[in-house]
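**Q** Okay, handing you the structure first.
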Amino acid sequence: MQTYVKDFQEIGHNDLLQVGGKGLNLGQLAKMPGIQVPEGFCVTTDAFKKMLAGHTEAEELLGKLSLLTRDDKEKIREVSAHLRRLVESLAIPVEIEQEIISAIEELGEGTAFAVRSSATAEDLPAASFAGQQDSFLNIRGKREILRHVSKCWASLFTERAVVYRIQNGFDHRKVHLSVVVQRMVFPQASGILFTADPVTSNRRVTSIDASFGLGEALVSGIVSADNYKVREGRIVQKTIASKKVAVYPRPDGATEKREVSPAVQKKQAIEDEQIVALEKLGRQVESRFGKPQDIEWCLADGAIYIVQSRPITTLYPLPEKRDDHYRIFFSVGHQQMMTDPIKPLGISFFGYMPDYDLIHAGGRLFVDLTHDLASFSGRKIAVSSLGSNDPLMKQTLLNFLERKPKLIKGKRVFKLGNDYLPWTFPAVLAKVYRDNDRRLAGQLINRSEAYIRELEWRIEEVSGDELFALILEDQKELRKSAYDQRGIAAILIGAYATHWLNKNMENWLGEKNAADVLSQSIANNVTSEMGRELLDVADAVRAYPEVLAYFEHPDQNAFFKDLEKLEGGPEASRVIRDYLGKYGMRCAGEIDIAKTRWSEDPTILMPPILNNVKNFPPNARQAMVEEGKRRAAQKTEELLQRLAQQPGGKRKAKKARHMISLLQNFLGYREYPKFALVKHLFLYKQALKREAVLLQQKGAIQEPEDVYYLTFEEFREAVNGKALNWQVLEERKTAYRHYDKLTPPRLMTSEGEEIFGSYQTDRLPAGALAGIGVSAGTVEGRARVVFKMEQARLESGDILVTAFTDPSWTPLFVSAAGLVTEVGGLMTHGAVIAREYGLPAVVGVENATMTIKDGQRIRINGSEGYVEIVE
């Protein structure tokens, strides 16, 4: 016999699809010793499904809803309102109604009840859906309870719930609703308990919000609440709020707001012993569910009741635990200018390169910095090394060190040397500095390119296990080449020359950021050449209107086939293929092998090509190169002449000339090693995709892209015949979607606490957004907030605002008047290219993409490092 009601005590571990997330958790809580949960039952999702079964109009409306995107606001409002009216108007089938009434009578017909929604996609580890469906308090009488059950069912289709499902990728047809009917508790105080501090994310600190009366006032935000922080039975912080109103039940049902007497408004909502008892209960609940919890509680007649518990889904996951020591981790992504999550196959390849352990958390990579910060020399090197790429990381580290944390000593990450830089390196460095050979960078590039051509031929000839063995062999060679002594010397000398010139030209001449102009149009910078060469592609297509029209709405799946049918299409196809032959291995987030490359989707390049056609005249590339050289030469002569007029000027000018030469000979090479790495990754990817297709043909995977959710070794084992665990694959896909919504911290502890840094803003204009000036100059223009390169439509004078850039963003720099990013430092890719292009740039501007609105007029100062919102 079908049952439509489950008492809390009857709910089992596997009943999520019957009672939803809230109901499932209440069923688990109700069985826990020492935890008091008000009695109640769930009206199961079978009741909801039975009511809608075979209802043609409801099916049609759900079909319409499934076609909408988050931007279809008016249509969502219209269709969801229609669905709500329909659900509320439907009669509850008799057998369901009878079961609900029987359950109410068992609990006591005169009892007041809370009637709450509980969706099957709710209170899940990756999506809480908190507050998306409706809840009703102090409902009295069987008919009113039944009416509110229908209202809960209808709330599955509120606009906020529909939009939330769209954003989180849930199918409207597959999300069903249970209804929780629970005996009301009328508390003196109530609130929310987080078993991890929601401000710092520290898992050892419990945060408790408390106010008078029902928790509805607190949840709905109509009253300020006390906040108590507790760590291991000790109250470490109290904030007592002025609680001017509270929500209480009305005698006739529902609730009302009442003013709190001025005499008790500032009184602590609950006593200290109750605060400590709440922390203990919270830890019990957390232990039961195995992860940090967001718990709703209430205090009535001296007893603490738990009325709801859900996982906290906004916490950044903890790094892998290796022991019980207190540890500190830094984010690799902030150093690499790629804070997106990386798929497991990408993590495997990244892990082969460094000579230190990488730790996974939230789909990103972290490094244990504990041992470095435990020693004086380690602290100096770590702060300097990490701060050079990301200055805000430096301030974050300094903030952490001010606490004087107790850290264990051990093997350090940042050392003065390693296995790949032997004792001979200082002599090599001195020789490269002294010789200042302008041919060196070209020689290093040519040698690497020859090796890559040989690898391309070799990798085409192997398959199966031989392919995996070849890739591992090549990874070892690639790692050795990454530590080529002359190559590292060239990079260090280029960076040193930049630093020397900036420091001394400011000291001697008052000239800030002198190296910015001196580095324009330098040789051997593959990234800047890549950006400028797209101007030649624009020249090749600008005369063909049909081609340009197609570029506005290209078809990813038939790009070249469609293109070659158009007037001018064959020529456009040829130049784009040639460009992709040189640079098609690039893409946003290119350190992740799973990311889609330009060669795999050339339509990504259409916006920057169209930008170039619109914003530049023909033959702009050569003009841009010549202008950069002219400005650099002019600045060189100007500086040397001014130096010559100073005391000791001849010596200063000679030294400066040598430094300018070092900068122009070596600074461009800094971009090449990553370029070569990405070429290797693309060759691996092309070969591995062939293996993925074979696995699909054998039925081992459903789609070739499934292999991105395998580690390298798992992929190899699958190719060698080992069966894959599809459930694990699906769990990793779900986890990746969740990780994609999280923002990784720069620095975090083993307790989950996120450490933050800040800038000194006392010298900045009022209201200015602080950052790091990495390319001199001031420019004012329209902000273009861009999250994906393929979405960018820039016009002359526009300032590009984005979270972070890597070399793949360079084609957009050509058209931009300025650059603002949330992540970056003086020697990161975006900064180097911005300087070479003469583009004012400010990086490390926290939350720039949220604070600055697309289309706003802004002014950026790349010399002083700040952004002003003009209008």
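Following the order of the structure tokens, chains are lettered A, B, ..., residues in each are numbered from 1, and ligands are numbered from 1.
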Could you give me, as a ChimeraX atom specification, the residues within 9 Å of Gln18 (chain A), counting only C-alpha atoms and dropping anything in the same chain fewer than 6 positions from it?
**A** /A:6,11,24,42-46,120,176-178
**Q** Save the residues we just selected, all heavy atoms, as a PDB file, in the first residue's frame?
**A**
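selection_33.pdb, freshly written:
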```pdb
ATOM      1  N   LYS A   6       5.582  10.122   6.347  1.00  0.00           N
ATOM      2  CA  LYS A   6       6.618   9.434   7.119  1.00  0.00           C
ATOM      3  C   LYS A   6       6.887  10.226   8.392  1.00  0.00           C
ATOM      4  O   LYS A   6       7.230  11.416   8.331  1.00  0.00           O
ATOM      5  CB  LYS A   6       7.913   9.317   6.307  1.00  0.00           C
ATOM      6  CG  LYS A   6       7.999   8.123   5.387  1.00  0.00           C
ATOM      7  CD  LYS A   6       9.372   8.083   4.721  1.00  0.00           C
ATOM      8  CE  LYS A   6       9.514   6.867   3.812  1.00  0.00           C
ATOM      9  NZ  LYS A   6       9.759   5.635   4.552  1.00  0.00           N
ATOM     10  N   ILE A  11      12.144   7.870   9.046  1.00  0.00           N
ATOM     11  CA  ILE A  11      12.973   8.312   7.916  1.00  0.00           C
ATOM     12  C   ILE A  11      14.343   7.664   7.993  1.00  0.00           C
ATOM     13  O   ILE A  11      15.034   7.722   9.022  1.00  0.00           O
ATOM     14  CB  ILE A  11      13.095   9.848   7.912  1.00  0.00           C
ATOM     15  CG1 ILE A  11      11.716  10.476   7.659  1.00  0.00           C
ATOM     16  CG2 ILE A  11      14.087  10.319   6.855  1.00  0.00           C
ATOM     17  CD1 ILE A  11      11.675  11.972   7.842  1.00  0.00           C
ATOM     18  N   LEU A  24      15.116  14.744   5.430  1.00  0.00           N
ATOM     19  CA  LEU A  24      16.115  13.707   5.678  1.00  0.00           C
ATOM     20  C   LEU A  24      16.964  14.068   6.899  1.00  0.00           C
ATOM     21  O   LEU A  24      17.194  13.235   7.785  1.00  0.00           O
ATOM     22  CB  LEU A  24      17.007  13.532   4.450  1.00  0.00           C
ATOM     23  CG  LEU A  24      18.067  12.435   4.545  1.00  0.00           C
ATOM     24  CD1 LEU A  24      17.425  11.058   4.503  1.00  0.00           C
ATOM     25  CD2 LEU A  24      19.097  12.568   3.427  1.00  0.00           C
ATOM     26  N   CYS A  42       6.805  14.029   7.594  1.00  0.00           N
ATOM     27  CA  CYS A  42       6.983  14.565   6.247  1.00  0.00           C
ATOM     28  C   CYS A  42       5.876  14.042   5.340  1.00  0.00           C
ATOM     29  O   CYS A  42       5.581  12.835   5.343  1.00  0.00           O
ATOM     30  CB  CYS A  42       8.335  14.153   5.655  1.00  0.00           C
ATOM     31  SG  CYS A  42       9.750  14.956   6.436  1.00  0.00           S
ATOM     32  N   VAL A  43       5.288  14.935   4.565  1.00  0.00           N
ATOM     33  CA  VAL A  43       4.421  14.535   3.463  1.00  0.00           C
ATOM     34  C   VAL A  43       5.372  14.262   2.292  1.00  0.00           C
ATOM     35  O   VAL A  43       6.078  15.158   1.842  1.00  0.00           O
ATOM     36  CB  VAL A  43       3.423  15.653   3.096  1.00  0.00           C
ATOM     37  CG1 VAL A  43       2.507  15.192   1.972  1.00  0.00           C
ATOM     38  CG2 VAL A  43       2.621  16.077   4.317  1.00  0.00           C
ATOM     39  N   THR A  44       5.431  13.023   1.820  1.00  0.00           N
ATOM     40  CA  THR A  44       6.494  12.614   0.900  1.00  0.00           C
ATOM     41  C   THR A  44       6.311  13.192  -0.502  1.00  0.00           C
ATOM     42  O   THR A  44       5.241  13.690  -0.866  1.00  0.00           O
ATOM     43  CB  THR A  44       6.558  11.079   0.795  1.00  0.00           C
ATOM     44  OG1 THR A  44       5.363  10.626   0.132  1.00  0.00           O
ATOM     45  CG2 THR A  44       6.682  10.432   2.160  1.00  0.00           C
ATOM     46  N   THR A  45       7.387  13.108  -1.265  1.00  0.00           N
ATOM     47  CA  THR A  45       7.346  13.592  -2.651  1.00  0.00           C
ATOM     48  C   THR A  45       6.370  12.771  -3.496  1.00  0.00           C
ATOM     49  O   THR A  45       5.911  13.255  -4.541  1.00  0.00           O
ATOM     50  CB  THR A  45       8.746  13.515  -3.285  1.00  0.00           C
ATOM     51  OG1 THR A  45       9.224  12.172  -3.205  1.00  0.00           O
ATOM     52  CG2 THR A  45       9.717  14.448  -2.586  1.00  0.00           C
ATOM     53  N   ASP A  46       6.051  11.548  -3.070  1.00  0.00           N
ATOM     54  CA  ASP A  46       5.062  10.752  -3.815  1.00  0.00           C
ATOM     55  C   ASP A  46       3.719  11.476  -3.850  1.00  0.00           C
ATOM     56  O   ASP A  46       2.983  11.391  -4.845  1.00  0.00           O
ATOM     57  CB  ASP A  46       4.886   9.369  -3.164  1.00  0.00           C
ATOM     58  CG  ASP A  46       6.079   8.467  -3.400  1.00  0.00           C
ATOM     59  OD1 ASP A  46       6.812   8.720  -4.382  1.00  0.00           O
ATOM     60  OD2 ASP A  46       6.283   7.531  -2.612  1.00  0.00           O
ATOM     61  N   THR A 120      13.967  17.913  -2.943  1.00  0.00           N
ATOM     62  CA  THR A 120      14.962  16.846  -3.130  1.00  0.00           C
ATOM     63  C   THR A 120      16.314  17.419  -3.531  1.00  0.00           C
ATOM     64  O   THR A 120      17.324  16.731  -3.435  1.00  0.00           O
ATOM     65  CB  THR A 120      14.484  15.848  -4.191  1.00  0.00           C
ATOM     66  OG1 THR A 120      14.122  16.554  -5.381  1.00  0.00           O
ATOM     67  CG2 THR A 120      13.291  15.064  -3.693  1.00  0.00           C
ATOM     68  N   HIS A 176      11.588  17.506  -6.776  1.00  0.00           N
ATOM     69  CA  HIS A 176      10.257  17.323  -6.203  1.00  0.00           C
ATOM     70  C   HIS A 176      10.243  17.845  -4.772  1.00  0.00           C
ATOM     71  O   HIS A 176      11.296  18.072  -4.157  1.00  0.00           O
ATOM     72  CB  HIS A 176       9.858  15.850  -6.260  1.00  0.00           C
ATOM     73  CG  HIS A 176       9.917  15.284  -7.637  1.00  0.00           C
ATOM     74  ND1 HIS A 176       9.105  15.713  -8.658  1.00  0.00           N
ATOM     75  CD2 HIS A 176      10.727  14.327  -8.191  1.00  0.00           C
ATOM     76  CE1 HIS A 176       9.385  15.049  -9.773  1.00  0.00           C
ATOM     77  NE2 HIS A 176      10.365  14.214  -9.510  1.00  0.00           N
ATOM     78  N   LEU A 177       9.024  17.999  -4.244  1.00  0.00           N
ATOM     79  CA  LEU A 177       8.900  18.647  -2.953  1.00  0.00           C
ATOM     80  C   LEU A 177       8.188  17.759  -1.938  1.00  0.00           C
ATOM     81  O   LEU A 177       7.116  17.221  -2.213  1.00  0.00           O
ATOM     82  CB  LEU A 177       8.126  19.959  -3.092  1.00  0.00           C
ATOM     83  CG  LEU A 177       8.376  20.980  -1.982  1.00  0.00           C
ATOM     84  CD1 LEU A 177       9.770  21.580  -2.153  1.00  0.00           C
ATOM     85  CD2 LEU A 177       7.348  22.093  -2.038  1.00  0.00           C
ATOM     86  N   SER A 178       8.835  17.621  -0.795  1.00  0.00           N
ATOM     87  CA  SER A 178       8.201  17.056   0.394  1.00  0.00           C
ATOM     88  C   SER A 178       7.816  18.234   1.287  1.00  0.00           C
ATOM     89  O   SER A 178       8.330  19.341   1.114  1.00  0.00           O
ATOM     90  CB  SER A 178       9.182  16.128   1.116  1.00  0.00           C
ATOM     91  OG  SER A 178       8.710  15.777   2.387  1.00  0.00           O
TER      92      SER A 178
END
```
**Q** Find the residues of region 600-625 of chain A that sit at most 6 Å from region 776-800 of chain A; for each, write down the nearest two atoms and how far apart they are in Å, to one decimal. Count only C-alpha atoms. Sort by chain, then by number going up, and give it as JSON lines.
**A**
```
{"residue": "A:Ile604", "atom": "CA", "partner": "A:Glu790", "partner_atom": "CA", "distance": 4.7}
{"residue": "A:Pro607", "atom": "CA", "partner": "A:Glu790", "partner_atom": "CA", "distance": 5.9}
{"residue": "A:Asn611", "atom": "CA", "partner": "A:Leu794", "partner_atom": "CA", "distance": 5.9}
{"residue": "A:Asn615", "atom": "CA", "partner": "A:Ser796", "partner_atom": "CA", "distance": 5.6}
```
**Q** How would you write, as a PyMOL selection string, the set of residues in region 218-412 of chain A that DSSP gives as alpha helix (DSSP H)?
**A** chain A and resi 218-219+272-289+332-336+344-351+370-373+376-389+391-401
**Q** Residues at most 12 Å from Arg542 (chain A), counting only C-alpha atoms, excluding those fewer than 3 positions away in the same chain, as a PyMOL selection string?
**A** chain A and resi 535-539+545-549+551+567-569+571-572+609-619
**Q** Okay, now the selection with C-alpha atoms, as an mmCIF file, in the first residue's frame?
**A**
```cif
data_model
loop_
_atom_site.group_PDB
_atom_site.id
_atom_site.type_symbol
_atom_site.label_atom_id
_atom_site.label_comp_id
_atom_site.auth_asym_id
_atom_site.auth_seq_id
_atom_site.Cartn_x
_atom_site.Cartn_y
_atom_site.Cartn_z
ATOM 1 C CA LEU A 535 46.126 42.533 -36.311
ATOM 2 C CA ASP A 536 47.432 40.937 -39.533
ATOM 3 C CA VAL A 537 44.504 38.499 -39.421
ATOM 4 C CA ALA A 538 42.160 41.479 -39.115
ATOM 5 C CA ASP A 539 43.803 43.056 -42.166
ATOM 6 C CA PRO A 545 31.611 41.962 -45.344
ATOM 7 C CA GLU A 546 30.197 38.410 -45.472
ATOM 8 C CA VAL A 547 33.119 37.092 -43.451
ATOM 9 C CA LEU A 548 32.793 39.849 -40.847
ATOM 10 C CA ALA A 549 29.044 39.239 -40.559
ATOM 11 C CA PHE A 551 32.273 36.284 -37.337
ATOM 12 C CA GLU A 567 33.234 35.575 -50.413
ATOM 13 C CA GLY A 568 36.733 36.010 -49.003
ATOM 14 C CA GLY A 569 36.219 32.917 -46.862
ATOM 15 C CA GLU A 571 41.565 33.648 -47.662
ATOM 16 C CA ALA A 572 40.172 34.183 -44.146
ATOM 17 C CA ILE A 609 39.519 39.957 -34.525
ATOM 18 C CA LEU A 610 36.367 42.054 -34.872
ATOM 19 C CA ASN A 611 37.702 44.459 -32.225
ATOM 20 C CA ASN A 612 40.872 44.888 -34.300
ATOM 21 C CA VAL A 613 38.930 45.510 -37.525
ATOM 22 C CA LYS A 614 36.817 48.153 -35.777
ATOM 23 C CA ASN A 615 39.530 49.883 -33.743
ATOM 24 C CA PHE A 616 42.609 49.863 -35.997
ATOM 25 C CA PRO A 617 43.500 50.960 -39.537
ATOM 26 C CA PRO A 618 45.248 48.578 -41.948
ATOM 27 C CA ASN A 619 48.918 47.717 -41.306
#
```
**Q** Compare A:Lys243, A:His371, A:Ile660, A:Ser750 by their minimum atom-to-atom distance to Ala263 (chain A), counting only C-alpha atoms, and give me the closest one.
**A** A:Lys243
**Q** For region 403-410 of chain A, please output as a tab-separated table (two decimals) with all heavy atoms, in the first residue's frame all residues within 7 Å (counting only C-alpha atoms; exclusion window: fewer than 2 positions along the same chain).
**A**
```
chain	number	residue	atom	x	y	z
A	326	TYR	N	49.27	22.35	13.07
A	326	TYR	CA	48.71	23.58	12.50
A	326	TYR	C	49.56	23.97	11.29
A	326	TYR	O	50.79	24.08	11.38
A	326	TYR	CB	48.75	24.68	13.56
A	326	TYR	CG	48.19	26.01	13.11
A	326	TYR	CD1	46.83	26.21	12.95
A	326	TYR	CD2	49.05	27.09	12.88
A	326	TYR	CE1	46.31	27.44	12.56
A	326	TYR	CE2	48.54	28.33	12.49
A	326	TYR	CZ	47.18	28.48	12.33
A	326	TYR	OH	46.67	29.71	11.95
A	370	THR	N	54.22	26.02	5.75
A	370	THR	CA	54.45	26.02	7.20
A	370	THR	C	55.93	26.08	7.55
A	370	THR	O	56.36	26.92	8.36
A	370	THR	CB	53.84	24.75	7.82
A	370	THR	OG1	52.47	24.65	7.41
A	370	THR	CG2	53.91	24.80	9.33
A	371	HIS	N	56.72	25.20	6.95
A	371	HIS	CA	58.13	25.08	7.35
A	371	HIS	C	58.92	26.33	6.94
A	371	HIS	O	59.83	26.75	7.65
A	371	HIS	CB	58.75	23.84	6.73
A	371	HIS	CG	58.01	22.57	7.06
A	371	HIS	ND1	57.58	22.28	8.33
A	371	HIS	CD2	57.60	21.54	6.27
A	371	HIS	CE1	56.94	21.11	8.33
A	371	HIS	NE2	56.94	20.65	7.09
A	374	ALA	N	58.30	29.07	9.41
A	374	ALA	CA	58.79	28.74	10.76
A	374	ALA	C	60.22	29.21	10.98
A	374	ALA	O	60.69	29.24	12.12
A	374	ALA	CB	58.69	27.23	11.00
A	400	PHE	N	49.45	37.52	8.58
A	400	PHE	CA	49.47	36.23	9.28
A	400	PHE	C	50.64	36.17	10.26
A	400	PHE	O	50.50	35.72	11.41
A	400	PHE	CB	49.55	35.10	8.27
A	400	PHE	CG	49.70	33.73	8.87
A	400	PHE	CD1	48.63	33.13	9.51
A	400	PHE	CD2	50.90	33.06	8.81
A	400	PHE	CE1	48.76	31.86	10.09
A	400	PHE	CE2	51.05	31.80	9.38
A	400	PHE	CZ	49.97	31.20	10.02
A	401	LEU	N	51.81	36.63	9.81
A	401	LEU	CA	53.01	36.54	10.65
A	401	LEU	C	52.93	37.46	11.86
A	401	LEU	O	53.59	37.19	12.88
A	401	LEU	CB	54.25	36.86	9.81
A	401	LEU	CG	54.61	35.80	8.76
A	401	LEU	CD1	55.69	36.32	7.83
A	401	LEU	CD2	55.05	34.50	9.42
A	412	ARG	N	61.71	22.84	3.64
A	412	ARG	CA	61.16	24.06	3.10
A	412	ARG	C	60.92	23.97	1.59
A	412	ARG	O	61.55	23.18	0.89
A	412	ARG	CB	62.09	25.24	3.39
A	412	ARG	CG	62.00	25.69	4.83
A	412	ARG	CD	63.12	26.62	5.23
A	412	ARG	NE	63.51	27.55	4.19
A	412	ARG	CZ	64.60	28.30	4.26
A	412	ARG	NH1	65.40	28.20	5.29
A	412	ARG	NH2	64.90	29.13	3.29
```
**Q** Could you list, as an NGL selection string, every residue within 10 Å of Pro765 (chain A), counting only C-alpha atoms and ignoring same-chain residues fewer than 5 positions away?
**A** :A and (770 or 866-868)
**Q** Please produce a file of the residues just selected, as a PDB file, in the first residue's frame, where the atoms kept are all heavy atoms.
**A**
```pdb
ATOM      1  N   ALA A 770      42.051  50.423  -4.352  1.00  0.00           N
ATOM      2  CA  ALA A 770      43.499  50.228  -4.287  1.00  0.00           C
ATOM      3  C   ALA A 770      43.920  48.991  -5.045  1.00  0.00           C
ATOM      4  O   ALA A 770      43.219  47.988  -5.094  1.00  0.00           O
ATOM      5  CB  ALA A 770      43.940  50.135  -2.833  1.00  0.00           C
ATOM      6  N   TYR A 866      45.853  52.723  -8.518  1.00  0.00           N
ATOM      7  CA  TYR A 866      44.482  52.808  -8.020  1.00  0.00           C
ATOM      8  C   TYR A 866      43.523  53.056  -9.182  1.00  0.00           C
ATOM      9  O   TYR A 866      43.927  53.427 -10.295  1.00  0.00           O
ATOM     10  CB  TYR A 866      44.324  53.892  -6.946  1.00  0.00           C
ATOM     11  CG  TYR A 866      44.625  55.307  -7.388  1.00  0.00           C
ATOM     12  CD1 TYR A 866      43.655  56.088  -8.023  1.00  0.00           C
ATOM     13  CD2 TYR A 866      45.869  55.882  -7.148  1.00  0.00           C
ATOM     14  CE1 TYR A 866      43.930  57.395  -8.412  1.00  0.00           C
ATOM     15  CE2 TYR A 866      46.150  57.184  -7.534  1.00  0.00           C
ATOM     16  CZ  TYR A 866      45.172  57.940  -8.174  1.00  0.00           C
ATOM     17  OH  TYR A 866      45.444  59.217  -8.557  1.00  0.00           O
ATOM     18  N   VAL A 867      42.248  52.801  -8.894  1.00  0.00           N
ATOM     19  CA  VAL A 867      41.178  52.979  -9.876  1.00  0.00           C
ATOM     20  C   VAL A 867      40.111  53.869  -9.247  1.00  0.00           C
ATOM     21  O   VAL A 867      39.741  53.675  -8.084  1.00  0.00           O
ATOM     22  CB  VAL A 867      40.541  51.619 -10.261  1.00  0.00           C
ATOM     23  CG1 VAL A 867      39.431  51.817 -11.287  1.00  0.00           C
ATOM     24  CG2 VAL A 867      41.596  50.655 -10.779  1.00  0.00           C
ATOM     25  N   GLU A 868      39.616  54.848 -10.019  1.00  0.00           N
ATOM     26  CA  GLU A 868      38.528  55.701  -9.556  1.00  0.00           C
ATOM     27  C   GLU A 868      37.310  55.483 -10.437  1.00  0.00           C
ATOM     28  O   GLU A 868      37.433  55.388 -11.678  1.00  0.00           O
ATOM     29  CB  GLU A 868      38.922  57.173  -9.626  1.00  0.00           C
ATOM     30  CG  GLU A 868      40.052  57.559  -8.696  1.00  0.00           C
ATOM     31  CD  GLU A 868      40.469  59.005  -8.891  1.00  0.00           C
ATOM     32  OE1 GLU A 868      41.238  59.272  -9.841  1.00  0.00           O
ATOM     33  OE2 GLU A 868      40.017  59.861  -8.122  1.00  0.00           O
TER      34      GLU A 868
END
```
**Q** Record the distance separating CA of Gln664 (chain A) and CA of Ile522 (chain A), expressed in Å with one decimal.
**A** 5.5 Å
**Q** Here is a test: counting only C-alpha atoms, which residue of A:Lys679, A:Arg183, A:Arg642, A:Lys650 is nearest to Gly581 (chain A)?
**A**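 Counting only C-alpha atoms, the residue closest to Gly581 (chain A) is A:Lys679.
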**Q** May I have the residues within 10 Å of region 715-725 of chain A as a ChimeraX atom specification, using only C-alpha atoms and disregarding those fewer than 6 positions away in the same chain?
**A** /A:345,463-469,688,691-692,694-695,700-701,706-709
**Q** Put those residues in a file: C-alpha atoms, as a PDB file, in the first residue's frame.
**A**
```
ATOM      1  CA  LEU A 345      43.786  15.172 -15.428  1.00  0.00           C
ATOM      2  CA  SER A 463      49.427   4.713 -28.859  1.00  0.00           C
ATOM      3  CA  GLY A 464      48.152   2.810 -25.840  1.00  0.00           C
ATOM      4  CA  ASP A 465      50.550   2.299 -22.971  1.00  0.00           C
ATOM      5  CA  GLU A 466      53.500   3.428 -25.140  1.00  0.00           C
ATOM      6  CA  LEU A 467      51.893   6.855 -25.402  1.00  0.00           C
ATOM      7  CA  PHE A 468      51.628   7.205 -21.616  1.00  0.00           C
ATOM      8  CA  ALA A 469      55.225   6.069 -21.195  1.00  0.00           C
ATOM      9  CA  LEU A 688      45.175  11.478 -25.411  1.00  0.00           C
ATOM     10  CA  GLU A 691      42.765   7.258 -26.699  1.00  0.00           C
ATOM     11  CA  ALA A 692      39.597   8.748 -25.183  1.00  0.00           C
ATOM     12  CA  LEU A 694      38.790   4.474 -28.345  1.00  0.00           C
ATOM     13  CA  LEU A 695      37.606   4.154 -24.741  1.00  0.00           C
ATOM     14  CA  ALA A 700      34.319   2.355 -21.052  1.00  0.00           C
ATOM     15  CA  ILE A 701      33.220   6.010 -20.954  1.00  0.00           C
ATOM     16  CA  ASP A 706      35.019  12.042 -19.313  1.00  0.00           C
ATOM     17  CA  VAL A 707      38.752  11.319 -19.233  1.00  0.00           C
ATOM     18  CA  TYR A 708      39.399  14.832 -17.903  1.00  0.00           C
ATOM     19  CA  TYR A 709      37.912  13.638 -14.612  1.00  0.00           C
TER      20      TYR A 709
END
```
**Q** One number please: CA of Ala623 (chain A) to CA of Val814 (chain A), in Å, one decimal.
**A** 12.6 Å
**Q** Rounded to one decimal in Å, what is the spacing between CA of Gly215 (chain A) and CA of Ala189 (chain A)?
**A**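 CA of Ala189 (chain A) lies 7.7 Å from CA of Gly215 (chain A).
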**Q** Write out as an MDAnalysis selection string each polymer residue whose atoms come within 12 Å of Lys635 (chain A), counting only C-alpha atoms; drop sequence neighbours fewer than 5 positions from it.
**A** chainID A and resid 505 511 513:520 628:630 640:642 656:657 660
**Q** For those residues, write C-alpha atoms to a file as a PDB file, in the first residue's frame.
**A**
```pdb
ATOM      1  CA  MET A 505      65.848  56.220 -12.285  1.00  0.00           C
ATOM      2  CA  GLU A 511      61.439  59.183 -13.011  1.00  0.00           C
ATOM      3  CA  ASN A 513      58.452  53.268 -13.750  1.00  0.00           C
ATOM      4  CA  ALA A 514      61.072  54.125 -16.364  1.00  0.00           C
ATOM      5  CA  ALA A 515      61.322  50.479 -17.457  1.00  0.00           C
ATOM      6  CA  ASP A 516      57.719  50.529 -18.685  1.00  0.00           C
ATOM      7  CA  VAL A 517      58.575  52.556 -21.778  1.00  0.00           C
ATOM      8  CA  LEU A 518      61.997  50.958 -22.212  1.00  0.00           C
ATOM      9  CA  SER A 519      60.397  47.496 -22.503  1.00  0.00           C
ATOM     10  CA  GLN A 520      58.093  48.375 -25.391  1.00  0.00           C
ATOM     11  CA  GLY A 628      57.147  51.062 -29.489  1.00  0.00           C
ATOM     12  CA  LYS A 629      60.755  50.940 -30.656  1.00  0.00           C
ATOM     13  CA  ARG A 630      60.765  54.686 -31.271  1.00  0.00           C
ATOM     14  CA  LEU A 640      71.124  58.858 -20.543  1.00  0.00           C
ATOM     15  CA  GLN A 641      71.369  62.583 -21.343  1.00  0.00           C
ATOM     16  CA  ARG A 642      69.828  63.550 -18.014  1.00  0.00           C
ATOM     17  CA  ALA A 656      72.099  52.486 -17.053  1.00  0.00           C
ATOM     18  CA  ARG A 657      72.940  51.795 -20.717  1.00  0.00           C
ATOM     19  CA  ILE A 660      68.701  48.909 -20.586  1.00  0.00           C
TER      20      ILE A 660
END
```
**Q** Let me make sure I understand: among A:Thr498, A:Gln760, A:Asn525, A:Ser224, which one has the smallest atom-to-atom distance to Met659 (chain A) if we use only C-alpha atoms?
**A** A:Thr498
